[in-house]
Each structure stands twice: as structure tokens, then as C-alpha cells.
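Undergrad: This is target-v1.cif (mmCIF, C-alpha atoms).
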```
data_model
#
loop_
_atom_site.group_PDB
_atom_site.id
_atom_site.type_symbol
_atom_site.label_atom_id
_atom_site.label_comp_id
_atom_site.auth_asym_id
_atom_site.auth_seq_id
_atom_site.Cartn_x
_atom_site.Cartn_y
_atom_site.Cartn_z
ATOM 1 C CA MET A 190 78.989 -160.431 138.304
ATOM 2 C CA LYS A 191 77.611 -162.133 141.416
ATOM 3 C CA ILE A 192 73.819 -162.183 141.229
ATOM 4 C CA SER A 193 71.346 -162.977 143.991
ATOM 5 C CA MET A 194 68.135 -164.372 142.477
ATOM 6 C CA VAL A 195 65.125 -164.369 144.788
ATOM 7 C CA MET A 196 62.234 -166.704 144.038
ATOM 8 C CA PRO A 197 59.639 -166.959 146.830
ATOM 9 C CA ALA A 198 58.220 -170.342 147.723
ATOM 10 C CA GLY A 199 55.017 -171.152 145.869
ATOM 11 C CA ALA A 200 51.981 -173.120 146.875
ATOM 12 C CA ALA A 201 52.874 -175.958 144.514
ATOM 13 C CA PRO A 202 55.995 -177.700 143.224
ATOM 14 C CA ARG A 203 57.211 -177.083 139.674
ATOM 15 C CA SER A 204 55.552 -173.682 139.369
ATOM 16 C CA GLY A 205 56.087 -171.386 136.406
ATOM 17 C CA ASN A 206 58.265 -169.141 138.575
ATOM 18 C CA GLN A 207 60.463 -172.102 139.496
ATOM 19 C CA HIS A 208 60.948 -172.954 135.826
ATOM 20 C CA THR A 209 61.820 -169.330 135.085
ATOM 21 C CA ALA A 210 64.334 -169.092 137.930
ATOM 22 C CA GLY A 211 66.047 -172.318 136.957
ATOM 23 C CA ARG A 212 66.252 -171.380 133.290
ATOM 24 C CA TRP A 213 67.520 -167.845 133.974
ATOM 25 C CA ALA A 214 70.152 -169.095 136.406
ATOM 26 C CA LYS A 215 71.404 -171.491 133.736
ATOM 27 C CA PHE A 216 71.536 -168.758 131.084
ATOM 28 C CA LEU A 217 73.258 -166.269 133.392
ATOM 29 C CA ARG A 218 75.889 -168.804 134.418
ATOM 30 C CA SER A 219 76.544 -169.541 130.756
ATOM 31 C CA LEU A 220 77.179 -165.799 130.336
ATOM 32 C CA GLY A 221 79.864 -165.923 133.022
ATOM 33 C CA HIS A 222 77.895 -164.730 136.040
ATOM 34 C CA ARG A 223 77.707 -166.411 139.438
ATOM 35 C CA VAL A 224 74.103 -166.932 140.514
ATOM 36 C CA ALA A 225 72.711 -167.910 143.915
ATOM 37 C CA VAL A 226 68.987 -168.747 143.985
ATOM 38 C CA ALA A 227 67.092 -168.454 147.280
ATOM 39 C CA GLN A 228 63.573 -167.864 148.541
ATOM 40 C CA GLN A 229 64.708 -164.724 150.367
ATOM 41 C CA TRP A 230 67.832 -162.595 150.347
ATOM 42 C CA ASP A 231 70.065 -163.597 153.234
ATOM 43 C CA GLY A 232 72.293 -160.536 153.185
ATOM 44 C CA ALA A 233 75.064 -162.252 151.264
ATOM 45 C CA THR A 234 77.234 -160.012 149.131
ATOM 46 C CA ALA A 235 75.935 -159.621 145.605
ATOM 47 C CA ASP A 236 76.608 -157.235 142.735
ATOM 48 C CA ALA A 237 72.961 -157.324 141.640
ATOM 49 C CA MET A 238 69.617 -158.828 142.562
ATOM 50 C CA ILE A 239 66.928 -160.343 140.355
ATOM 51 C CA ALA A 240 63.660 -160.739 142.253
ATOM 52 C CA LEU A 241 60.757 -162.742 140.860
ATOM 53 C CA HIS A 242 57.398 -161.401 142.061
ATOM 54 C CA ALA A 243 57.032 -157.778 143.154
ATOM 55 C CA ARG A 244 54.820 -158.502 146.169
ATOM 56 C CA LYS A 245 56.184 -161.804 147.466
ATOM 57 C CA SER A 246 59.791 -160.650 147.097
ATOM 58 C CA SER A 247 59.128 -157.163 148.476
ATOM 59 C CA TRP A 248 61.064 -157.725 151.724
ATOM 60 C CA SER A 249 64.163 -158.862 149.843
ATOM 61 C CA VAL A 250 63.818 -155.986 147.380
ATOM 62 C CA GLU A 251 63.602 -153.424 150.172
ATOM 63 C CA GLU A 252 66.502 -154.923 152.158
ATOM 64 C CA PHE A 253 68.798 -155.169 149.137
ATOM 65 C CA HIS A 254 68.020 -151.603 148.090
ATOM 66 C CA HIS A 255 68.632 -150.333 151.625
ATOM 67 C CA SER A 256 71.974 -152.172 151.826
ATOM 68 C CA HIS A 257 73.121 -151.438 148.257
ATOM 69 C CA PRO A 258 71.156 -148.454 146.920
ATOM 70 C CA HIS A 259 73.342 -148.055 143.830
ATOM 71 C CA ARG A 260 73.552 -151.693 142.735
ATOM 72 C CA PRO A 261 71.319 -153.118 139.996
ATOM 73 C CA LEU A 262 67.963 -154.362 141.286
ATOM 74 C CA ILE A 263 65.727 -156.127 138.758
ATOM 75 C CA VAL A 264 62.123 -157.020 139.579
ATOM 76 C CA VAL A 265 60.321 -159.526 137.353
ATOM 77 C CA LEU A 266 56.547 -159.082 137.327
ATOM 78 C CA THR A 267 54.295 -162.130 137.447
ATOM 79 C CA GLY A 268 50.669 -162.287 136.345
ATOM 80 C CA THR A 269 49.306 -161.711 139.844
ATOM 81 C CA ASP A 270 51.685 -158.746 140.167
ATOM 82 C CA LEU A 271 50.587 -157.111 136.931
ATOM 83 C CA TYR A 272 46.897 -157.787 137.018
ATOM 84 C CA ARG A 273 46.184 -157.598 140.761
ATOM 85 C CA ASP A 274 48.887 -156.866 143.320
ATOM 86 C CA ILE A 275 50.388 -153.629 141.983
ATOM 87 C CA ARG A 276 46.888 -152.152 142.122
ATOM 88 C CA THR A 277 46.148 -153.127 145.701
ATOM 89 C CA HIS A 278 49.344 -153.912 147.651
ATOM 90 C CA PRO A 279 51.616 -151.062 148.807
ATOM 91 C CA ALA A 280 54.560 -153.492 149.093
ATOM 92 C CA ALA A 281 54.213 -154.505 145.437
ATOM 93 C CA ARG A 282 54.044 -150.865 144.354
ATOM 94 C CA GLN A 283 57.131 -150.066 146.409
ATOM 95 C CA SER A 284 59.054 -152.816 144.615
ATOM 96 C CA LEU A 285 58.258 -151.088 141.317
ATOM 97 C CA GLU A 286 59.707 -147.825 142.599
ATOM 98 C CA LEU A 287 62.870 -149.338 144.080
ATOM 99 C CA ALA A 288 63.752 -151.418 141.030
ATOM 100 C CA SER A 289 66.506 -150.295 138.652
ATOM 101 C CA ARG A 290 64.775 -152.348 135.972
ATOM 102 C CA LEU A 291 61.395 -154.002 135.689
ATOM 103 C CA VAL A 292 60.800 -157.030 133.498
ATOM 104 C CA VAL A 293 57.489 -158.141 132.002
ATOM 105 C CA LEU A 294 57.172 -161.435 130.184
ATOM 106 C CA GLN A 295 55.077 -160.223 127.260
ATOM 107 C CA PRO A 296 54.554 -156.748 125.725
ATOM 108 C CA ALA A 297 50.908 -156.283 126.737
ATOM 109 C CA GLY A 298 52.162 -156.154 130.330
ATOM 110 C CA LEU A 299 53.664 -152.723 129.678
ATOM 111 C CA ARG A 300 50.187 -151.220 129.503
ATOM 112 C CA GLU A 301 49.490 -152.302 133.085
ATOM 113 C CA LEU A 302 52.280 -150.080 134.409
ATOM 114 C CA PRO A 303 52.184 -146.319 135.023
ATOM 115 C CA LYS A 304 53.688 -144.515 132.039
ATOM 116 C CA ARG A 305 56.552 -143.119 134.109
ATOM 117 C CA LEU A 306 57.765 -146.680 134.865
ATOM 118 C CA ARG A 307 57.680 -148.026 131.328
ATOM 119 C CA ALA A 308 61.037 -146.481 130.355
ATOM 120 C CA LYS A 309 62.834 -148.725 132.850
ATOM 121 C CA THR A 310 60.839 -151.824 131.863
ATOM 122 C CA ARG A 311 62.035 -154.490 129.466
ATOM 123 C CA VAL A 312 60.100 -157.305 127.783
ATOM 124 C CA ILE A 313 61.674 -160.757 127.941
ATOM 125 C CA PHE A 314 59.708 -163.635 126.468
ATOM 126 C CA GLN A 315 60.213 -166.928 128.256
ATOM 127 C CA SER A 316 61.505 -169.852 126.259
ATOM 128 C CA SER A 317 61.365 -173.614 125.954
ATOM 129 C CA ASP A 318 64.127 -175.908 124.743
ATOM 130 C CA THR A 319 61.831 -178.878 124.294
ATOM 131 C CA ARG A 320 62.643 -181.161 121.372
ATOM 132 C CA VAL A 321 59.438 -183.168 121.695
ATOM 133 C CA ARG A 322 57.544 -183.559 118.416
ATOM 134 C CA HIS A 323 53.815 -183.031 118.000
ATOM 135 C CA ARG A 324 52.271 -186.493 117.642
ATOM 136 C CA PRO A 325 48.581 -186.504 118.603
ATOM 137 C CA PRO A 326 46.562 -189.727 118.371
ATOM 138 C CA ARG A 327 44.703 -190.536 115.160
ATOM 139 C CA ASN A 328 41.678 -192.284 116.613
ATOM 140 C CA ARG A 329 40.454 -189.455 118.866
ATOM 141 C CA PHE A 330 40.815 -185.682 119.315
ATOM 142 C CA ARG A 331 42.665 -184.955 122.537
ATOM 143 C CA VAL A 332 42.449 -181.582 124.299
ATOM 144 C CA ALA A 333 44.908 -180.765 127.099
ATOM 145 C CA VAL A 334 44.810 -178.364 130.038
ATOM 146 C CA VAL A 335 48.191 -177.956 131.750
ATOM 147 C CA GLY A 336 48.652 -176.006 134.972
ATOM 148 C CA HIS A 337 48.001 -176.156 138.679
ATOM 149 C CA LEU A 338 44.368 -176.038 139.712
ATOM 150 C CA ARG A 339 43.864 -172.575 141.202
ATOM 151 C CA GLU A 340 41.359 -169.784 140.777
ATOM 152 C CA GLU A 341 43.644 -167.591 138.653
ATOM 153 C CA LYS A 342 43.645 -170.299 135.971
ATOM 154 C CA ASP A 343 39.843 -170.824 135.838
ATOM 155 C CA PRO A 344 40.879 -174.486 135.698
ATOM 156 C CA PHE A 345 37.542 -176.166 134.962
ATOM 157 C CA ARG A 346 36.406 -173.969 132.076
ATOM 158 C CA ALA A 347 37.445 -176.594 129.513
ATOM 159 C CA VAL A 348 35.541 -179.448 131.160
ATOM 160 C CA ILE A 349 32.492 -177.216 131.546
ATOM 161 C CA ALA A 350 32.770 -176.423 127.846
ATOM 162 C CA LEU A 351 33.068 -180.121 127.034
ATOM 163 C CA GLY A 352 29.474 -180.557 128.181
ATOM 164 C CA HIS A 353 28.393 -178.351 125.261
ATOM 165 C CA VAL A 354 30.336 -180.355 122.666
ATOM 166 C CA PRO A 355 28.418 -183.160 120.901
ATOM 167 C CA GLN A 356 29.330 -186.654 122.121
ATOM 168 C CA PRO A 357 30.037 -188.389 118.764
ATOM 169 C CA THR A 358 33.011 -186.155 117.861
ATOM 170 C CA GLY A 359 35.583 -188.389 119.609
ATOM 171 C CA ILE A 360 36.888 -185.567 121.803
ATOM 172 C CA GLU A 361 38.624 -186.274 125.117
ATOM 173 C CA LEU A 362 40.066 -183.888 127.681
ATOM 174 C CA VAL A 363 43.129 -184.499 129.862
ATOM 175 C CA GLN A 364 44.081 -182.126 132.659
ATOM 176 C CA LEU A 365 47.518 -182.034 134.293
ATOM 177 C CA GLY A 366 48.445 -180.150 137.448
ATOM 178 C CA ASP A 367 48.337 -180.228 141.225
ATOM 179 C CA ALA A 368 45.150 -179.241 143.025
ATOM 180 C CA LEU A 369 46.296 -176.478 145.375
ATOM 181 C CA THR A 370 43.349 -176.975 147.730
ATOM 182 C CA PRO A 371 41.284 -180.007 148.755
ATOM 183 C CA GLU A 372 38.261 -178.241 147.269
ATOM 184 C CA MET A 373 39.903 -178.094 143.840
ATOM 185 C CA ALA A 374 40.773 -181.787 144.039
ATOM 186 C CA GLY A 375 37.193 -182.613 144.975
ATOM 187 C CA ILE A 376 35.819 -180.643 142.040
ATOM 188 C CA ALA A 377 38.161 -182.432 139.621
ATOM 189 C CA ARG A 378 37.137 -185.855 140.961
ATOM 190 C CA ARG A 379 33.442 -185.009 140.695
ATOM 191 C CA TRP A 380 33.934 -183.924 137.103
ATOM 192 C CA MET A 381 35.535 -187.270 136.298
ATOM 193 C CA GLN A 382 32.460 -189.003 137.685
ATOM 194 C CA ARG A 383 30.109 -186.793 135.669
ATOM 195 C CA GLU A 384 32.002 -186.494 132.383
ATOM 196 C CA PRO A 385 33.452 -189.738 130.942
ATOM 197 C CA ARG A 386 35.523 -187.830 128.374
ATOM 198 C CA TYR A 387 37.505 -186.034 131.108
ATOM 199 C CA ARG A 388 40.581 -187.261 133.026
ATOM 200 C CA TRP A 389 42.438 -185.348 135.705
ATOM 201 C CA LEU A 390 45.960 -186.804 135.902
ATOM 202 C CA GLY A 391 47.300 -184.659 138.737
ATOM 203 C CA SER A 392 50.888 -183.461 138.906
ATOM 204 C CA LYS A 393 53.406 -184.990 136.499
ATOM 205 C CA PRO A 394 57.171 -184.490 136.095
ATOM 206 C CA HIS A 395 57.895 -181.753 133.577
ATOM 207 C CA ALA A 396 59.245 -184.114 130.903
ATOM 208 C CA ASP A 397 56.147 -186.298 131.206
ATOM 209 C CA ALA A 398 53.860 -183.263 131.012
ATOM 210 C CA LEU A 399 55.601 -182.144 127.808
ATOM 211 C CA ARG A 400 55.154 -185.579 126.259
ATOM 212 C CA ARG A 401 51.463 -185.545 127.112
ATOM 213 C CA LEU A 402 51.124 -182.025 125.703
ATOM 214 C CA ALA A 403 52.815 -183.159 122.474
ATOM 215 C CA ALA A 404 50.376 -186.085 122.322
ATOM 216 C CA SER A 405 47.409 -183.681 122.295
ATOM 217 C CA HIS A 406 45.735 -181.975 119.368
ATOM 218 C CA LEU A 407 44.909 -178.822 121.280
ATOM 219 C CA LEU A 408 45.851 -176.884 124.431
ATOM 220 C CA VAL A 409 43.315 -174.788 126.342
ATOM 221 C CA VAL A 410 44.638 -171.862 128.416
ATOM 222 C CA SER A 411 41.645 -170.378 130.249
ATOM 223 C CA SER A 412 43.543 -168.115 132.675
ATOM 224 C CA VAL A 413 41.928 -165.140 134.373
ATOM 225 C CA MET A 414 45.324 -163.469 134.769
ATOM 226 C CA GLU A 415 48.581 -164.549 133.194
ATOM 227 C CA GLY A 416 51.994 -162.900 133.234
ATOM 228 C CA GLY A 417 53.313 -164.985 130.351
ATOM 229 C CA ALA A 418 52.417 -168.655 130.469
ATOM 230 C CA ASN A 419 55.299 -171.135 130.210
ATOM 231 C CA VAL A 420 52.915 -173.656 128.693
ATOM 232 C CA ILE A 421 52.189 -171.308 125.774
ATOM 233 C CA CYS A 422 55.926 -171.189 125.031
ATOM 234 C CA GLU A 423 56.096 -174.963 125.188
ATOM 235 C CA ALA A 424 53.041 -175.550 123.017
ATOM 236 C CA SER A 425 54.293 -173.076 120.429
ATOM 237 C CA ARG A 426 57.712 -174.727 120.253
ATOM 238 C CA ILE A 427 56.102 -178.156 119.878
ATOM 239 C CA GLY A 428 53.472 -176.894 117.429
ATOM 240 C CA VAL A 429 50.349 -177.614 119.478
ATOM 241 C CA PRO A 430 47.475 -175.252 118.572
ATOM 242 C CA ILE A 431 46.099 -173.223 121.472
ATOM 243 C CA LEU A 432 42.686 -171.912 122.486
ATOM 244 C CA ALA A 433 43.160 -169.093 124.991
ATOM 245 C CA SER A 434 41.039 -166.727 127.036
ATOM 246 C CA ARG A 435 41.131 -163.212 125.627
ATOM 247 C CA VAL A 436 43.109 -161.634 128.483
ATOM 248 C CA SER A 437 46.078 -159.313 128.292
ATOM 249 C CA GLY A 438 48.741 -161.871 129.195
ATOM 250 C CA ASN A 439 47.606 -164.374 126.569
ATOM 251 C CA ILE A 440 47.259 -161.693 123.893
ATOM 252 C CA GLY A 441 50.790 -160.511 124.659
ATOM 253 C CA MET A 442 52.084 -164.039 124.098
ATOM 254 C CA LEU A 443 50.055 -165.022 121.034
ATOM 255 C CA GLY A 444 49.471 -161.656 119.323
ATOM 256 C CA ALA A 445 46.345 -159.577 118.804
ATOM 257 C CA GLY A 446 45.422 -161.346 115.561
ATOM 258 C CA TYR A 447 45.586 -164.887 116.891
ATOM 259 C CA PRO A 448 42.484 -166.832 115.740
ATOM 260 C CA GLY A 449 41.955 -168.992 118.842
ATOM 261 C CA TYR A 450 40.667 -166.615 121.520
ATOM 262 C CA PHE A 451 37.445 -166.950 123.487
ATOM 263 C CA PRO A 452 35.931 -164.469 125.972
ATOM 264 C CA LEU A 453 36.903 -165.017 129.602
ATOM 265 C CA PHE A 454 34.595 -167.459 131.439
ATOM 266 C CA ASP A 455 32.636 -168.143 128.212
ATOM 267 C CA ASP A 456 32.316 -171.928 128.074
ATOM 268 C CA LEU A 457 29.847 -171.819 125.170
ATOM 269 C CA ARG A 458 32.290 -169.948 122.938
ATOM 270 C CA LEU A 459 35.096 -172.238 124.039
ATOM 271 C CA ALA A 460 32.941 -175.285 123.234
ATOM 272 C CA ARG A 461 32.316 -173.967 119.721
ATOM 273 C CA LEU A 462 36.054 -173.450 119.177
ATOM 274 C CA ILE A 463 36.908 -176.933 120.437
ATOM 275 C CA ASP A 464 34.267 -178.470 118.173
ATOM 276 C CA ARG A 465 35.438 -176.386 115.219
ATOM 277 C CA ALA A 466 39.073 -177.342 115.755
ATOM 278 C CA ALA A 467 38.065 -181.009 115.896
ATOM 279 C CA THR A 468 35.850 -180.955 112.807
ATOM 280 C CA ASP A 469 37.167 -178.149 110.556
ATOM 281 C CA ALA A 470 40.575 -179.099 109.143
ATOM 282 C CA ASP A 471 41.145 -175.654 107.639
ATOM 283 C CA PHE A 472 40.554 -173.941 110.983
ATOM 284 C CA TYR A 473 42.854 -176.397 112.740
ATOM 285 C CA ARG A 474 45.638 -175.753 110.219
ATOM 286 C CA ARG A 475 45.119 -172.004 110.678
ATOM 287 C CA LEU A 476 45.590 -172.355 114.445
ATOM 288 C CA LYS A 477 48.721 -174.450 113.958
ATOM 289 C CA ARG A 478 50.253 -171.950 111.512
ATOM 290 C CA ALA A 479 49.544 -169.085 113.932
ATOM 291 C CA VAL A 480 51.172 -170.942 116.838
ATOM 292 C CA LEU A 481 54.249 -171.852 114.803
ATOM 293 C CA ALA A 482 54.564 -168.237 113.636
ATOM 294 C CA ARG A 483 55.207 -167.238 117.277
ATOM 295 C CA SER A 484 57.686 -170.034 117.953
ATOM 296 C CA ALA A 485 60.870 -168.048 117.288
ATOM 297 C CA LEU A 486 59.913 -165.587 120.054
ATOM 298 C CA PHE A 487 60.173 -168.429 122.570
ATOM 299 C CA ALA A 488 63.548 -169.818 121.461
ATOM 300 C CA PRO A 489 66.144 -170.239 124.243
ATOM 301 C CA ALA A 490 68.718 -168.236 122.287
ATOM 302 C CA ALA A 491 66.323 -165.268 122.176
ATOM 303 C CA GLU A 492 65.715 -165.345 125.929
ATOM 304 C CA ARG A 493 69.432 -165.716 126.690
ATOM 305 C CA ARG A 494 70.228 -162.766 124.431
ATOM 306 C CA ALA A 495 67.563 -160.631 126.114
ATOM 307 C CA LEU A 496 68.992 -161.405 129.555
ATOM 308 C CA ALA A 497 72.493 -160.458 128.395
ATOM 309 C CA LEU A 498 71.201 -157.122 127.096
ATOM 310 C CA LEU A 499 69.286 -156.514 130.309
ATOM 311 C CA LEU A 500 72.434 -156.764 132.410
ATOM 312 C CA GLN A 501 74.633 -154.879 129.934
ATOM 313 C CA GLY A 502 72.280 -151.925 130.213
ATOM 314 C CA LEU A 503 72.857 -151.761 133.974
ATOM 315 C CA HIS A 504 76.660 -151.792 134.031
#
```
Transcribe the structure of this file into C-alpha cells.

TA:
Amino acid sequence: MKISMVMPAGAAPRSGNQHTAGRWAKFLRSLGHRVAVAQQWDGATADAMIALHARKSSWSVEEFHHSHPHRPLIVVLTGTDLYRDIRTHPAARQSLELASRLVVLQPAGLRELPKRLRAKTRVIFQSSDTRVRHRPPRNRFRVAVVGHLREEKDPFRAVIALGHVPQPTGIELVQLGDALTPEMAGIARRWMQREPRYRWLGSKPHADALRRLAASHLLVVSSVMEGGANVICEASRIGVPILASRVSGNIGMLGAGYPGYFPLFDDLRLARLIDRAATDADFYRRLKRAVLARSALFAPAAERRALALLLQGLH
């Protein structure tokens, strides 16, 4: 099958959508399909389309459907799709209607869709093939935040929380990711001046970011909205415990019973969890066991198998 995969340009390099598109193209080619990845459909002949992002890919979705109304059209819903755009943007809602199949990246996303659309929706967990081992330092407790600095990520919640954690605990915080606006960069630099335990490292190549994640005791994911964070897959595969905001996308990835949630925007609760993870060995082991228990969901073989089933169901 010849597949056109549409992935709109993002505001930053090495976005989660870019990782997803690259990984899916690799899997689909290994299954015998021909895949062309572009920011927008150019009208080239294709047996099927996979479009990442209901709103940003809406033009391509509409054009492909108009040209080939009976060919498979798969729309993959991002976090901003699920938790914002399909509620407010007519173009995003139209993409849902035109799609032969919808894909969400974690099961809690199903609840964000109208019931009549859930029957044509499939859940495909993202995966990570990282072989990096978890080796945090012994002389300090390192917390990592990994992701581009943008409002949807509530990117400075961890450093705000750090101000509530006692100084003598040996905790440090490293943050990786591009600042998508000059204002975000300025905030990060001011925090480094104010908080000596905090370092913003900016954007790093993916392999380097994984090594730095593996060299951390803890990952903080403070997102306001999240379709299915790649970094959660990566941390789980490495075995890095996670503290996550209690939002639908994170719960879908980590499970309702995960012990490391904090209320959205609640830096005091996050500070208590960071301090507890650093000082309570039993709690830290509990977090690690819970993360490792999810690891098989994020295996590459599982994602590849789910993609194969997705396309088989459309033949």
C-alpha cells in the first residue's frame, strides 16, 4: 500500500509529532508499505492517508477525502486536538467526521470524543526503542524536565516547586527543551539566576536527551494537556520514576492507580512528592515498580503490531 503521511510543521525541531511520524514511517515500511511523509498533501497518488493533528492537517484531510472518498483516511489526535481544538475549531471537528479511523495515543483519550465516534477510534500507545540504562548519580538527587518550553507543558512548575523543597536534601533540577518564545527563554534564565539548584540546558539531540534522562532519578511531567507523552514512554522503558500532573493524557499513559500524580498547577503538592521521592526509599521503589509495570505497553513490537492491525481493518 502507498501511504501519504501528513505531519504539519511545528514551532520547534524534534517535536513529539516528528518522532511519531518518523517511527511510524519506519514501522510501516518494515510491514511492506511505501510511505511518503510531508507537511501537506501534494495531491500525489496514495492508497491511504495518515494525518497527524486533526486541526493542523485539516486541509490535507479535506482534500484527500474529496479526491478519494472511499480510500482509508486515518487521523491521529494530538493533545491539543483532544483537549482543546475539537471543542472549538470547526476544521478539527470536520477532520473527525471525514476520517475512516481515528487514533488516540492512550485510552483516556476515548472519553474526549463523542460516543458515536468511538467505534471508529483505535488506541495505539507510542513506543521507545531506547537501550539506555538507568544510572542516576549517587552524590545528589537529580530531577529532570524534558520537553519544549510552551504553555501547554506548564514548563516551570518543577522549578517553582523546588523553592518549597528544603535546601539540604541534595536535589538538583535539569530542564531540557527549546524555548518556543523569547519570553519563555527569559523566564528560564531568570530562574537560573534565582535558583542555584536549577539548570536549563536548552535543546539537545534526542540521544543526548535520553542519556540525561537516564542519568536522573526522577522525571516531572507537568503538562496541562497531553495526548500521550513520548517522554513517558522513554522514561518507562529506561525505568525512571515519574511525577505527573493528574490530567487525562498522563493518566491514560500511567494508569489510574499510579502513585506519582499531583494536582495540576499545584507546586506545593509537587514539592512534597519530590522531597518524598528523594528521602523515602520505599516510596521511590514504589514509583519505579509502577513505571516498570507499564513498560511493556511502550515496546516497539507492540506499537508495530497495533499499526499493522489498524491497516488490516481498513482493507

Undergrad: Take the PyMOL selection byres ((chain A and resi 213) around 12), run it mentally on this structure, and tell me the resulting residues as a ChimeraX atom specification.

TA: /A:192-196,206-212,214-220,222-226,239-241,265,313-317,489-490,492-497

Undergrad: Show me a table, sorted first by chain and then by increasing residue number, of the residues of stretch 420-488 of chain A having an atom at most 10 Å from stretch 318-326 of chain A, each with its shortest atom pair and the distance in Å to one decimal, counting only C-alpha atoms and written as CSV.

TA:
```
residue,atom,partner,partner_atom,distance
A:Cys422,CA,A:Asp318,CA,9.5
A:Glu423,CA,A:Thr319,CA,7.0
A:Ala424,CA,A:His323,CA,9.0
A:Arg426,CA,A:Thr319,CA,7.1
A:Ile427,CA,A:His323,CA,5.7
A:Gly428,CA,A:His323,CA,6.2
A:Val429,CA,A:His323,CA,6.6
A:Phe487,CA,A:Asp318,CA,8.7
A:Ala488,CA,A:Asp318,CA,6.9
```

Undergrad: In Å, how far is it from atom CA of A:Ala308 to atom CA of A:Ser284?

TA: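 Those two atoms sit 15.7 Å apart.
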
Undergrad: Between atom CA of A:Trp230 and atom CA of A:Thr310, what is the distance in Å, rounded to a tenth?

TA: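 If I compute the distance from atom CA of A:Trp230 to atom CA of A:Thr310, I get 22.5 Å.
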
Undergrad: Taking into account only C-alpha atoms, which residue in the set A:Arg401, A:Lys245, A:Lys304, A:Arg465 is nearest to A:Thr269?

TA: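 Using only C-alpha atoms, the shortest distance to A:Thr269 belongs to A:Lys245.
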
Undergrad: Might you spell out which residues the PyMOL selection byres ((chain A and resi 357) around 12) would select in the displayed file, as a ChimeraX atom specification?

TA: /A:329-330,354-356,358-361,386,464,467-468

Undergrad: If you take every atom of stretch 264-271 of chain A that the file lists and fit an axis-aligned box around them with 3 Å extra on each side, what centre and edge lengths come out in Å to one decimal, as AutoDock Vina command-line options?

TA:
```
--center_x 55.7 --center_y -159.7 --center_z 138.3 --size_x 18.8 --size_y 11.3 --size_z 9.8
```

Undergrad: Taking the file above as input, evaluate the PyMOL selection byres ((chain A and resi 385) around 12) and report the hits as an MDAnalysis selection string.

TA: chainID A and resid 348 351:352 356 359:363 378:384 386:389

Undergrad: Quick check, in Å to one decimal: how far apart do atom CA of A:Gly221 and atom CA of A:Ala396 lie?

TA: 27.6 Å
